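Next up, final-v1.cif (mmCIF, C-alpha atoms):
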data_run
#
loop_
_atom_site.label_atom_id
_atom_site.label_comp_id
_atom_site.auth_asym_id
_atom_site.auth_seq_id
_atom_site.Cartn_x
_atom_site.Cartn_y
_atom_site.Cartn_z
CA MET A 1 0.00 0.00 0.00
CA LYS A 2 1.35 3.46 -0.94
CA ARG A 3 1.87 5.83 2.00
CA ASN A 4 -0.87 8.42 1.80
CA ASN A 5 -1.96 10.61 4.71
CA THR A 6 -5.26 11.60 3.04
CA LEU A 7 -6.20 7.94 2.67
CA SER A 8 -5.15 7.37 6.26
CA VAL A 9 -7.46 10.12 7.53
CA ALA A 10 -10.31 8.83 5.35
CA LEU A 11 -9.88 5.35 6.81
CA VAL A 12 -9.94 6.72 10.37
CA VAL A 13 -13.19 8.56 9.58
CA LEU A 14 -14.59 5.34 8.06
CA ALA A 15 -13.57 3.46 11.22
CA LEU A 16 -15.47 5.98 13.35
CA VAL A 17 -18.55 5.55 11.16
CA PHE A 18 -18.28 1.76 11.52
CA PHE A 19 -18.00 2.08 15.33
CA VAL A 20 -21.13 4.25 15.39
CA VAL A 21 -23.04 1.78 13.18
CA ALA A 22 -21.88 -1.08 15.42
CA GLY A 23 -23.22 0.81 18.45
CA LEU A 24 -26.54 1.47 16.73
CA TYR A 25 -26.96 -2.22 15.88
CA ALA A 26 -25.99 -3.23 19.43
CA VAL A 27 -28.55 -0.97 21.11
CA GLY A 28 -31.23 -1.81 18.54
CA VAL A 29 -31.66 1.59 16.89
CA LEU A 30 -30.59 0.25 13.49
CA GLN A 31 -32.74 -2.51 11.98
CA PHE A 32 -31.34 -2.53 8.43
CA MET A 33 -31.07 -5.99 6.78
CA VAL A 34 -31.59 -7.98 9.96
CA SER A 35 -32.97 -11.52 9.94
CA ASP A 36 -35.41 -10.95 12.80
CA PRO A 37 -36.66 -7.35 13.26
CA SER A 38 -38.50 -8.36 16.44
CA VAL A 39 -35.14 -8.83 18.19
CA SER A 40 -33.90 -5.52 19.55
CA HIS A 41 -30.15 -6.19 19.80
CA HIS A 42 -28.23 -7.37 16.73
CA TYR A 43 -24.91 -8.37 18.18
CA THR A 44 -23.73 -10.27 15.10
CA HIS A 45 -24.10 -7.14 12.98
CA ALA A 46 -22.46 -5.08 15.74
CA ILE A 47 -19.47 -7.44 15.89
CA LEU A 48 -19.13 -7.30 12.09
CA PHE A 49 -18.98 -3.50 12.14
CA VAL A 50 -16.47 -3.51 15.01
CA VAL A 51 -14.29 -5.85 12.91
CA LEU A 52 -14.68 -3.51 9.92
CA ALA A 53 -13.74 -0.54 12.11
CA VAL A 54 -10.63 -2.31 13.40
CA ALA A 55 -9.70 -3.32 9.84
CA SER A 56 -10.10 0.33 8.75
CA LEU A 57 -7.83 1.49 11.58
CA ILE A 58 -5.22 -1.10 10.57
CA GLY A 59 -5.53 0.12 6.97
CA ALA A 60 -5.09 3.70 8.18
CA ASN A 61 -1.93 2.73 10.05
CA PHE A 62 -0.57 1.04 6.93
CA ALA A 63 -1.39 4.10 4.80
CA ARG A 64 0.08 6.63 7.26
CA SER A 65 3.40 8.23 6.31
CA LYS A 66 6.04 7.03 8.72
CA GLY A 67 8.63 9.66 7.77
CA PRO A 68 12.12 8.86 6.45
CA ALA A 69 13.37 5.42 7.49
CA MET B 1 -24.72 -36.46 11.47
CA GLY B 2 -21.54 -35.64 13.42
CA LEU B 3 -19.39 -37.80 11.17
CA LEU B 4 -21.17 -36.52 8.08
CA GLN B 5 -20.76 -32.87 9.05
CA GLY B 6 -17.10 -33.22 10.04
CA ALA B 7 -16.17 -35.05 6.86
CA THR B 8 -18.18 -32.98 4.41
CA GLU B 9 -17.31 -29.59 5.93
CA LEU B 10 -13.75 -29.81 4.65
CA PHE B 11 -14.15 -32.06 1.61
CA PRO B 12 -15.21 -29.91 -1.36
CA VAL B 13 -18.65 -31.52 -1.50
CA SER B 14 -20.85 -29.14 0.60
CA SER B 15 -21.71 -30.06 4.17
CA LEU B 16 -24.85 -27.92 4.11
CA GLY B 17 -26.04 -29.60 0.93
CA HIS B 18 -25.51 -33.04 2.47
CA ALA B 19 -27.15 -31.93 5.72
CA VAL B 20 -30.24 -30.92 3.74
CA LEU B 21 -30.25 -33.84 1.30
CA ILE B 22 -29.33 -36.93 3.32
CA PRO B 23 -31.96 -36.64 6.08
CA SER B 24 -34.55 -35.99 3.38
CA LEU B 25 -33.48 -38.94 1.20
CA LEU B 26 -33.13 -41.36 4.14
CA HIS B 27 -36.36 -40.16 5.79
CA TRP B 28 -34.56 -39.30 9.03
CA SER B 29 -36.84 -37.71 11.57
CA PHE B 30 -34.38 -34.86 11.77
CA LYS B 31 -35.76 -31.44 10.85
CA GLN B 32 -33.85 -28.21 10.41
CA SER B 33 -36.84 -26.31 11.79
CA ASP B 34 -36.54 -28.29 15.05
CA PRO B 35 -35.46 -25.97 17.93
CA SER B 36 -32.68 -28.44 18.82
CA PHE B 37 -31.16 -28.34 15.30
CA VAL B 38 -29.28 -25.03 15.64
CA PRO B 39 -27.59 -25.93 18.96
CA PHE B 40 -26.70 -29.30 17.45
CA LEU B 41 -25.17 -27.67 14.36
CA VAL B 42 -23.31 -25.19 16.58
CA LEU B 43 -21.57 -27.98 18.46
CA LEU B 44 -20.71 -29.79 15.24
CA HIS B 45 -19.16 -26.59 13.84
CA LEU B 46 -17.21 -26.03 17.04
CA GLY B 47 -15.91 -29.60 16.70
CA THR B 48 -14.75 -28.87 13.14
CA ALA B 49 -13.19 -25.52 14.11
CA SER B 50 -11.34 -27.19 17.02
CA ALA B 51 -9.90 -29.79 14.64
CA LEU B 52 -8.68 -27.06 12.27
CA LEU B 53 -7.20 -25.05 15.13
CA PHE B 54 -5.40 -28.17 16.36
CA ILE B 55 -3.95 -28.99 12.93
CA TYR B 56 -2.68 -25.45 12.39
CA ARG B 57 -1.98 -24.60 16.05
CA ALA B 58 1.63 -23.54 15.42
CA GLN B 59 0.64 -21.50 12.36
CA TRP B 60 -2.18 -19.80 14.25
CA VAL B 61 0.27 -18.70 16.96
CA ASP B 62 2.45 -17.12 14.23
CA ILE B 63 -0.57 -15.65 12.43
CA ILE B 64 -2.03 -14.06 15.56
CA SER B 65 1.29 -12.65 16.73
CA GLY B 66 2.04 -11.54 13.15
CA PHE B 67 -1.34 -9.84 12.94
CA PHE B 68 -0.78 -7.70 16.04
CA THR B 69 2.85 -6.95 15.14
CA ALA B 70 2.01 -5.82 11.59
CA ALA B 71 -1.13 -3.95 12.66
CA VAL B 72 0.75 -1.90 15.27
CA ARG B 73 3.87 -1.39 13.16
CA GLY B 74 1.89 -0.51 10.02
CA ARG B 75 4.20 -2.56 7.86
CA ILE B 76 4.52 -6.19 6.80
CA ASP B 77 7.96 -7.70 7.25
CA LYS B 78 7.43 -11.44 7.60
CA PRO B 79 5.43 -14.07 5.64
CA SER B 80 3.33 -14.86 8.73
CA GLU B 81 2.38 -11.17 9.02
CA ARG B 82 1.39 -11.09 5.35
CA LEU B 83 -0.66 -14.29 5.80
CA ALA B 84 -2.42 -12.74 8.81
CA MET B 85 -3.42 -9.68 6.77
CA LEU B 86 -4.43 -11.84 3.79
CA LEU B 87 -6.73 -13.82 6.10
CA LEU B 88 -8.23 -10.59 7.46
CA VAL B 89 -8.85 -9.29 3.94
CA GLY B 90 -10.28 -12.68 2.90
CA THR B 91 -12.57 -12.95 5.92
CA ILE B 92 -14.20 -9.51 5.57
CA PRO B 93 -16.20 -10.10 2.34
CA ALA B 94 -17.47 -13.44 3.61
CA GLY B 95 -18.39 -11.85 6.95
CA ILE B 96 -20.32 -8.99 5.32
CA LEU B 97 -22.20 -11.22 2.88
CA GLY B 98 -22.78 -13.87 5.54
CA VAL B 99 -24.22 -11.49 8.13
CA PHE B 100 -26.48 -9.64 5.69
CA LEU B 101 -27.57 -12.42 3.34
CA GLU B 102 -27.40 -15.71 5.28
CA HIS B 103 -30.97 -15.68 6.52
CA GLU B 104 -32.47 -14.66 3.17
CA LEU B 105 -30.45 -17.17 1.15
CA LYS B 106 -31.05 -20.07 3.52
CA SER B 107 -34.77 -19.43 3.70
CA LEU B 108 -34.96 -19.12 -0.09
CA PHE B 109 -32.93 -22.20 -1.00
CA ALA B 110 -33.20 -24.61 1.95
CA SER B 111 -35.25 -27.18 0.02
CA PRO B 112 -33.74 -30.57 -0.89
CA VAL B 113 -34.37 -29.94 -4.61
CA ALA B 114 -32.47 -26.63 -4.48
CA ALA B 115 -29.64 -28.33 -2.54
CA ALA B 116 -29.41 -31.11 -5.15
CA SER B 117 -29.37 -28.55 -7.98
CA PHE B 118 -26.65 -26.48 -6.32
CA LEU B 119 -24.66 -29.66 -5.56
CA THR B 120 -24.68 -30.45 -9.29
CA ALA B 121 -23.63 -26.86 -10.05
CA ASN B 122 -20.88 -27.18 -7.42
CA GLY B 123 -19.57 -30.26 -9.23
CA PHE B 124 -19.46 -28.45 -12.57
CA MET B 125 -17.65 -25.53 -10.90
CA MET B 126 -14.97 -27.88 -9.51
CA LEU B 127 -14.50 -29.39 -12.97
CA GLY B 128 -14.38 -25.89 -14.48
CA PHE B 129 -11.70 -24.79 -12.01
CA GLU B 130 -9.56 -27.76 -13.05
CA VAL B 131 -10.04 -27.06 -16.77
CA LEU B 132 -8.77 -23.51 -16.20
CA ARG B 133 -5.95 -24.81 -14.03
CA ARG B 134 -4.80 -27.26 -16.70
CA ARG B 135 -4.63 -24.36 -19.17
CA ALA B 136 -2.51 -22.40 -16.68
CA GLU B 137 -0.25 -25.44 -16.21
CA LYS B 138 0.28 -25.65 -19.97
CA ARG B 139 1.36 -22.01 -19.94
CA VAL B 140 3.75 -22.09 -16.99
CA ALA B 141 4.92 -25.65 -16.44
CA VAL B 142 5.91 -26.88 -19.88
CA THR B 143 9.17 -28.41 -18.68
CA ALA B 144 7.82 -29.93 -15.48
CA MET B 145 7.63 -33.71 -15.59
CA THR B 146 5.72 -34.93 -12.55
CA ARG B 147 2.56 -33.60 -10.94
CA VAL B 148 4.45 -32.66 -7.79
CA GLU B 149 6.95 -30.64 -9.89
CA GLN B 150 4.10 -29.01 -11.79
CA GLU B 151 2.50 -28.02 -8.50
CA GLU B 152 5.75 -26.56 -7.22
CA SER B 153 5.77 -24.05 -10.08
CA PHE B 154 2.73 -22.37 -8.48
CA ALA B 155 2.62 -20.04 -5.48
CA VAL B 156 2.27 -20.56 -1.72
CA ALA B 157 -0.50 -18.84 0.23
CA GLU B 158 1.70 -16.03 1.59
CA GLN B 159 2.49 -14.89 -1.99
CA ILE B 160 -0.98 -14.13 -3.33
CA SER B 161 -2.18 -10.54 -3.74
CA PHE B 162 -4.61 -8.87 -1.36
CA LYS B 163 -7.10 -8.49 -4.20
CA ALA B 164 -6.94 -12.25 -4.83
CA ALA B 165 -7.40 -12.93 -1.09
CA ALA B 166 -10.51 -10.71 -1.06
CA LEU B 167 -11.91 -12.55 -4.09
CA VAL B 168 -11.24 -15.97 -2.54
CA GLY B 169 -12.90 -14.71 0.64
CA ALA B 170 -15.92 -13.46 -1.28
CA CYS B 171 -16.21 -16.92 -2.88
CA GLN B 172 -16.89 -18.26 0.63
CA ALA B 173 -20.21 -16.45 0.61
CA LEU B 174 -21.40 -18.72 -2.21
CA ALA B 175 -21.36 -21.53 0.38
CA LEU B 176 -24.44 -19.95 1.97
CA LEU B 177 -26.28 -21.69 -0.85
CA PRO B 178 -26.92 -25.29 0.26
CA GLY B 179 -25.01 -27.53 -2.15
CA ILE B 180 -22.16 -25.11 -2.85
CA SER B 181 -19.05 -26.14 -0.95
CA ARG B 182 -17.14 -23.53 1.02
CA SER B 183 -13.86 -25.42 0.73
CA GLY B 184 -14.57 -26.22 -2.93
CA VAL B 185 -15.09 -22.62 -4.01
CA THR B 186 -12.22 -21.29 -1.91
CA ILE B 187 -9.82 -23.98 -3.11
CA GLY B 188 -11.00 -23.22 -6.67
CA GLY B 189 -10.57 -19.48 -6.04
CA GLY B 190 -7.07 -20.19 -4.68
CA LEU B 191 -6.23 -22.14 -7.83
CA MET B 192 -7.40 -19.21 -9.96
CA ALA B 193 -5.16 -16.94 -7.85
CA GLY B 194 -2.21 -19.15 -8.84
CA LEU B 195 -1.82 -21.24 -5.69
CA ARG B 196 -0.68 -24.86 -5.56
CA HIS B 197 -3.53 -27.27 -4.81
CA GLN B 198 -2.15 -28.03 -1.36
CA GLU B 199 -1.64 -24.33 -0.61
CA ALA B 200 -5.13 -23.51 -1.88
CA ALA B 201 -6.46 -26.14 0.56
CA ARG B 202 -4.34 -24.72 3.41
CA PHE B 203 -5.52 -21.17 2.68
CA SER B 204 -9.11 -22.42 2.45
CA PHE B 205 -8.87 -24.18 5.84
CA LEU B 206 -7.18 -21.19 7.51
CA LEU B 207 -9.81 -18.86 6.03
CA ALA B 208 -12.63 -21.12 7.18
CA THR B 209 -11.46 -21.41 10.79
CA PRO B 210 -12.42 -17.91 12.08
CA ILE B 211 -15.76 -17.98 10.24
CA ILE B 212 -16.72 -21.46 11.45
CA ALA B 213 -15.52 -20.74 15.00
CA ALA B 214 -17.26 -17.33 15.12
CA ALA B 215 -20.52 -18.79 13.78
CA GLY B 216 -20.34 -21.44 16.50
CA VAL B 217 -19.35 -19.13 19.34
CA LEU B 218 -22.11 -16.63 18.47
CA GLU B 219 -24.73 -19.36 18.84
CA ILE B 220 -23.43 -20.61 22.22
CA PRO B 221 -25.97 -18.53 24.23
CA GLN B 222 -28.76 -20.24 22.29
CA LEU B 223 -27.15 -23.61 23.06
CA ILE B 224 -26.97 -22.86 26.78
CA ALA B 225 -30.53 -21.57 26.87
CA SER B 226 -31.96 -24.58 25.05
CA ASP B 227 -33.00 -27.84 26.69
CA VAL B 228 -31.02 -30.34 24.64
CA PRO B 229 -29.34 -33.69 25.45
CA LEU B 230 -25.91 -32.12 25.86
CA ALA B 231 -23.97 -35.38 26.36
CA GLU B 232 -25.24 -36.82 23.06
CA TYR B 233 -24.59 -33.55 21.27
CA LEU B 234 -21.06 -33.36 22.69
CA ALA B 235 -20.41 -36.90 21.49
CA ALA B 236 -21.54 -35.82 18.01
CA ALA B 237 -19.22 -32.79 18.21
CA VAL B 238 -16.27 -35.03 19.11
CA LEU B 239 -17.12 -37.27 16.15
CA SER B 240 -17.40 -34.19 13.93
CA GLY B 241 -14.01 -32.91 15.11
CA THR B 242 -12.38 -36.32 14.61
CA ALA B 243 -13.83 -36.64 11.10
CA ALA B 244 -12.72 -33.08 10.28
CA TYR B 245 -9.20 -33.78 11.56
CA LEU B 246 -8.88 -36.95 9.49
CA SER B 247 -10.43 -35.23 6.44
CA ALA B 248 -8.04 -32.28 6.63
CA ARG B 249 -5.03 -34.58 7.03
CA PHE B 250 -6.17 -36.67 4.07
CA LEU B 251 -6.92 -33.66 1.86
CA LEU B 252 -3.61 -31.91 2.56
CA ARG B 253 -1.77 -35.11 1.58
CA TYR B 254 -4.06 -35.73 -1.41
CA PHE B 255 -3.63 -32.21 -2.80
CA ARG B 256 0.15 -32.57 -3.00
CA SER B 257 -0.55 -33.96 -6.46
CA GLY B 258 -4.32 -34.56 -6.59
CA ARG B 259 -6.98 -32.44 -8.23
CA LEU B 260 -10.58 -31.39 -7.60
CA ASP B 261 -11.91 -33.60 -10.44
CA PRO B 262 -13.04 -36.62 -8.34
CA TYR B 263 -14.99 -34.35 -6.02
CA GLY B 264 -16.46 -32.52 -8.99
CA TRP B 265 -17.66 -35.77 -10.56
CA TYR B 266 -18.98 -36.96 -7.18
CA CYS B 267 -21.02 -33.75 -6.75
CA VAL B 268 -22.39 -33.93 -10.29
CA GLY B 269 -23.37 -37.60 -9.79
CA ALA B 270 -24.75 -37.16 -6.27
CA GLY B 271 -26.67 -34.04 -7.31
CA ILE B 272 -28.27 -35.65 -10.35
CA ILE B 273 -29.13 -38.90 -8.49
CA SER B 274 -30.60 -36.88 -5.60
CA LEU B 275 -32.66 -34.79 -8.00
CA ALA B 276 -33.97 -37.97 -9.65
CA LEU B 277 -34.80 -39.60 -6.29
CA LEU B 278 -36.50 -36.45 -5.01
CA THR B 279 -38.51 -36.08 -8.21
CA PHE B 280 -39.57 -39.68 -8.84
CA ARG B 281 -39.75 -41.31 -5.40
CA PRO B 282 -43.26 -42.31 -4.25
#
Will you turn the file into structure tokens for me?
Amino acid sequence: MKRNNTLSVALVVLALVFFVVAGLYAVGVLQFMVSDPSVSHHYTHAILFVVLAVASLIGANFARSKGPA
Amino acid sequence: MGLLQGATELFPVSSLGHAVLIPSLLHWSFKQSDPSFVPFLVLLHLGTASALLFIYRAQWVDIISGFFTAAVRGRIDKPSERLAMLLLVGTIPAGILGVFLEHELKSLFASPVAAASFLTANGFMMLGFEVLRRRAEKRVAVTAMTRVEQEESFAVAEQISFKAAALVGACQALALLPGISRSGVTIGGGLMAGLRHQEAARFSFLLATPIIAAAGVLEIPQLIASDVPLAEYLAAAVLSGTAAYLSARFLLRYFRSGRLDPYGWYCVGAGIISLALLTFRP
């Protein structure tokens, strides 16, 4: 991956969005594409978005300029 | 069912397809709508995941430590770190598609006839993967004499691109269709990415472990809450794990020089025979 601070910032923002979506699924506010809308907490979806958030943060760290070696 | 699940989960012949077809063909009193079915399946999956973790225990230690090292450092220095990131990239598409589409796909296609049709399609896919692979072998391995030498001219799992890992991972989502084999499509995807057969199988098994384990662990609360004969179910899980262990050992040895063809022909035959039995039986 090429070092790119803009991409790094974008991935951090994306990670924050994923964390928020994970929280919304966990507390039951978000009911988008769930198998059983009668269940209030969708922990599987929440875990998925936490994983996506962590993956985005890892991507951001890879994309971040580390300065001269 | 434990033996069947453990063996068919890793063989490229679709465990879900067999789990739908065999009870229906043999008139077992076993129904997927039964409240005890999910806890039962959970334990079988945990048995399979345990077997895979045991086989690759040393590699998983390297992968996990490589994952944290590379993630914190922001750079990949070692093959185990690259493999860890490839597995992360490969797991994400399957996770997204699995979480959002599993329920819809399973409810749409959970009939024995659909499973038999997809099993036939799975067989043709395996055969198609091998046709494409033979073409690639003609291009790159003209001087190789034996199958083992031919195989050695292809890549190991740590060498594939991240794009290829994502595509192989996305292939896993096809296994939500009963009759399509997770290991079959991921081994086939690995072959298309230029991996050796044995390495494609290794990457497939490593890729499957977190998904199978996570699917099992997430259902544990349901297992605890349900009133099921736990001792019998645990015995089935041990059988499933043993069958998965033996299957993985066999397949890794087989794929040193073997191909997907026999499994492809088996799926085509089993799918067509099942379709005929389901259509014409009294």
(request) Step by step, work through what the PyMOL selection byres ((chain B) within 8 of (chain A)) selects in the shown file, and finish by giving those residues as JSON, numbers by chain. (result) {"B": [71, 72, 73, 74, 75, 88, 92, 95, 96, 99, 100, 103, 104, 218]}
(request) Find the residue from B:Gly258, B:Pro39, B:Gly271, B:Pro79 that sits nearest to Gln198 in chain B; use all atoms listed in the file when measuring. (result) B:Gly258
Counting all atoms listed in the file, which residues come within 9 Å of (-23.5, -1.0, 20.2), with the point read in the file's coordinates, and could you list them as a JSON list (two decimals) with C-alpha atoms, keeping the file's coordinate frame?
[["chain", "number", "residue", "atom", "x", "y", "z"],
["A", 19, "PHE", "CA", -18.00, 2.08, 15.33],
["A", 20, "VAL", "CA", -21.13, 4.25, 15.39],
["A", 21, "VAL", "CA", -23.04, 1.78, 13.18],
["A", 22, "ALA", "CA", -21.88, -1.08, 15.42],
["A", 23, "GLY", "CA", -23.22, 0.81, 18.45],
["A", 24, "LEU", "CA", -26.54, 1.47, 16.73],
["A", 25, "TYR", "CA", -26.96, -2.22, 15.88],
["A", 26, "ALA", "CA", -25.99, -3.23, 19.43],
["A", 27, "VAL", "CA", -28.55, -0.97, 21.11],
["A", 28, "GLY", "CA", -31.23, -1.81, 18.54],
["A", 41, "HIS", "CA", -30.15, -6.19, 19.80],
["A", 42, "HIS", "CA", -28.23, -7.37, 16.73],
["A", 43, "TYR", "CA", -24.91, -8.37, 18.18],
["A", 46, "ALA", "CA", -22.46, -5.08, 15.74],
["A", 47, "ILE", "CA", -19.47, -7.44, 15.89]]
(message) For the provided coordinates, the residues matched by the PyMOL selection byres ((chain B and resi 209-211) around 12) should be stated as a PyMOL selection string.
(response) (chain A and resi 48) or (chain B and resi 9-10+45-57+60+64+84+87-88+90-99+169+172-173+175+182-183+202-208+212-218+244)
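Between CA of Cys171 in chain B and CA of Gly188 in chain B the interatomic distance comes to 9.0 Å.
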(message) For a test of reading the model, state the distance in Å between CA of Ala10 in chain A and CA of Phe68 in chain B, rounded to one decimal.
(response) 21.9 Å
(message) Taking the file as I've supplied it (selection: the PyMOL selection byres ((chain B and resi 81-83) around 6)), which residues are included? Please answer as a ChimeraX atom specification.
(response) /B:66-67,70,76,78-80,84-86,158
(message) Taking 5 positions as the minimum chain separation for residues in the same chain, which residues sit within 12 Å of Met126 in chain B when counting all atoms listed in the file? Answer as number ranges by chain.
(response) B: 11-14, 119-121, 131-133, 180-189, 191-192, 259-268
(request) Please indicate the distance in Å from CA of Thr279 in chain B to CA of Gly179 in chain B, rounded to one decimal place. (result) 17.1 Å
(request) Skip Arg147 in chain B itself and residues of its chain fewer than 3 positions away, then list as an MDAnalysis selection string all residues within 7 Å of it, counting all atoms listed in the file. (result) chainID B and resid 150:151 257
(request) Could you tell me which of B:Ile63, B:Leu105, B:Ala166, B:Ala115 comes closest to Leu16 in chain B if we count only C-alpha atoms? (result)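 Smallest distance to Leu16 in chain B is found for B:Ala115.
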Kindly complete range 12-36 of chain A to N, CA and C atoms; the output should be written as an mmCIF file, keeping the file's coordinate frame.
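The resulting file, part29.cif, is shown below:
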data_model
loop_
_atom_site.group_PDB
_atom_site.id
_atom_site.type_symbol
_atom_site.label_atom_id
_atom_site.label_comp_id
_atom_site.auth_asym_id
_atom_site.auth_seq_id
_atom_site.Cartn_x
_atom_site.Cartn_y
_atom_site.Cartn_z
ATOM 1 N N VAL A 12 -9.608 6.469 8.957
ATOM 2 C CA VAL A 12 -9.940 6.720 10.370
ATOM 3 C C VAL A 12 -11.394 7.174 10.487
ATOM 4 N N VAL A 13 -11.796 8.080 9.575
ATOM 5 C CA VAL A 13 -13.190 8.560 9.580
ATOM 6 C C VAL A 13 -14.134 7.373 9.341
ATOM 7 N N LEU A 14 -13.769 6.525 8.365
ATOM 8 C CA LEU A 14 -14.590 5.340 8.060
ATOM 9 C C LEU A 14 -14.693 4.430 9.293
ATOM 10 N N ALA A 15 -13.577 4.284 10.013
ATOM 11 C CA ALA A 15 -13.570 3.460 11.220
ATOM 12 C C ALA A 15 -14.548 4.022 12.259
ATOM 13 N N LEU A 16 -14.545 5.348 12.392
ATOM 14 C CA LEU A 16 -15.470 5.980 13.350
ATOM 15 C C LEU A 16 -16.923 5.714 12.952
ATOM 16 N N VAL A 17 -17.189 5.829 11.647
ATOM 17 C CA VAL A 17 -18.550 5.550 11.160
ATOM 18 C C VAL A 17 -18.928 4.107 11.485
ATOM 19 N N PHE A 18 -18.005 3.179 11.236
ATOM 20 C CA PHE A 18 -18.280 1.760 11.520
ATOM 21 C C PHE A 18 -18.547 1.542 13.018
ATOM 22 N N PHE A 19 -17.780 2.220 13.878
ATOM 23 C CA PHE A 19 -18.000 2.080 15.330
ATOM 24 C C PHE A 19 -19.407 2.575 15.705
ATOM 25 N N VAL A 20 -19.801 3.695 15.093
ATOM 26 C CA VAL A 20 -21.130 4.250 15.390
ATOM 27 C C VAL A 20 -22.216 3.263 14.928
ATOM 28 N N VAL A 21 -22.050 2.739 13.703
ATOM 29 C CA VAL A 21 -23.040 1.780 13.180
ATOM 30 C C VAL A 21 -23.095 0.538 14.078
ATOM 31 N N ALA A 22 -21.922 0.081 14.521
ATOM 32 C CA ALA A 22 -21.880 -1.080 15.420
ATOM 33 C C ALA A 22 -22.682 -0.793 16.691
ATOM 34 N N GLY A 23 -22.493 0.417 17.235
ATOM 35 C CA GLY A 23 -23.220 0.810 18.450
ATOM 36 C C GLY A 23 -24.722 0.842 18.210
ATOM 37 N N LEU A 24 -25.109 1.373 17.042
ATOM 38 C CA LEU A 24 -26.540 1.470 16.730
ATOM 39 C C LEU A 24 -27.178 0.084 16.591
ATOM 40 N N TYR A 25 -26.437 -0.850 15.980
ATOM 41 C CA TYR A 25 -26.960 -2.220 15.880
ATOM 42 C C TYR A 25 -27.047 -2.856 17.281
ATOM 43 N N ALA A 26 -26.035 -2.599 18.105
ATOM 44 C CA ALA A 26 -25.990 -3.230 19.430
ATOM 45 C C ALA A 26 -27.145 -2.762 20.320
ATOM 46 N N VAL A 27 -27.467 -1.467 20.233
ATOM 47 C CA VAL A 27 -28.550 -0.970 21.110
ATOM 48 C C VAL A 27 -29.930 -1.133 20.472
ATOM 49 N N GLY A 28 -29.940 -1.510 19.192
ATOM 50 C CA GLY A 28 -31.230 -1.810 18.540
ATOM 51 C C GLY A 28 -31.854 -0.643 17.802
ATOM 52 N N VAL A 29 -31.122 0.454 17.640
ATOM 53 C CA VAL A 29 -31.660 1.590 16.890
ATOM 54 C C VAL A 29 -31.723 1.247 15.400
ATOM 55 N N LEU A 30 -30.674 0.587 14.911
ATOM 56 C CA LEU A 30 -30.590 0.250 13.490
ATOM 57 C C LEU A 30 -31.183 -1.143 13.256
ATOM 58 N N GLN A 31 -32.084 -1.225 12.280
ATOM 59 C CA GLN A 31 -32.740 -2.510 11.980
ATOM 60 C C GLN A 31 -32.581 -2.852 10.498
ATOM 61 N N PHE A 32 -31.510 -2.355 9.873
ATOM 62 C CA PHE A 32 -31.340 -2.530 8.430
ATOM 63 C C PHE A 32 -30.791 -3.926 8.123
ATOM 64 N N MET A 33 -31.483 -4.641 7.243
ATOM 65 C CA MET A 33 -31.070 -5.990 6.780
ATOM 66 C C MET A 33 -30.787 -6.942 7.951
ATOM 67 N N VAL A 34 -31.728 -7.034 8.850
ATOM 68 C CA VAL A 34 -31.590 -7.980 9.960
ATOM 69 C C VAL A 34 -32.545 -9.150 9.722
ATOM 70 N N SER A 35 -32.153 -10.332 10.214
ATOM 71 C CA SER A 35 -32.970 -11.520 9.940
ATOM 72 C C SER A 35 -34.265 -11.523 10.744
ATOM 73 N N ASP A 36 -34.220 -10.941 11.946
ATOM 74 C CA ASP A 36 -35.410 -10.950 12.800
ATOM 75 C C ASP A 36 -35.630 -9.558 13.407
#
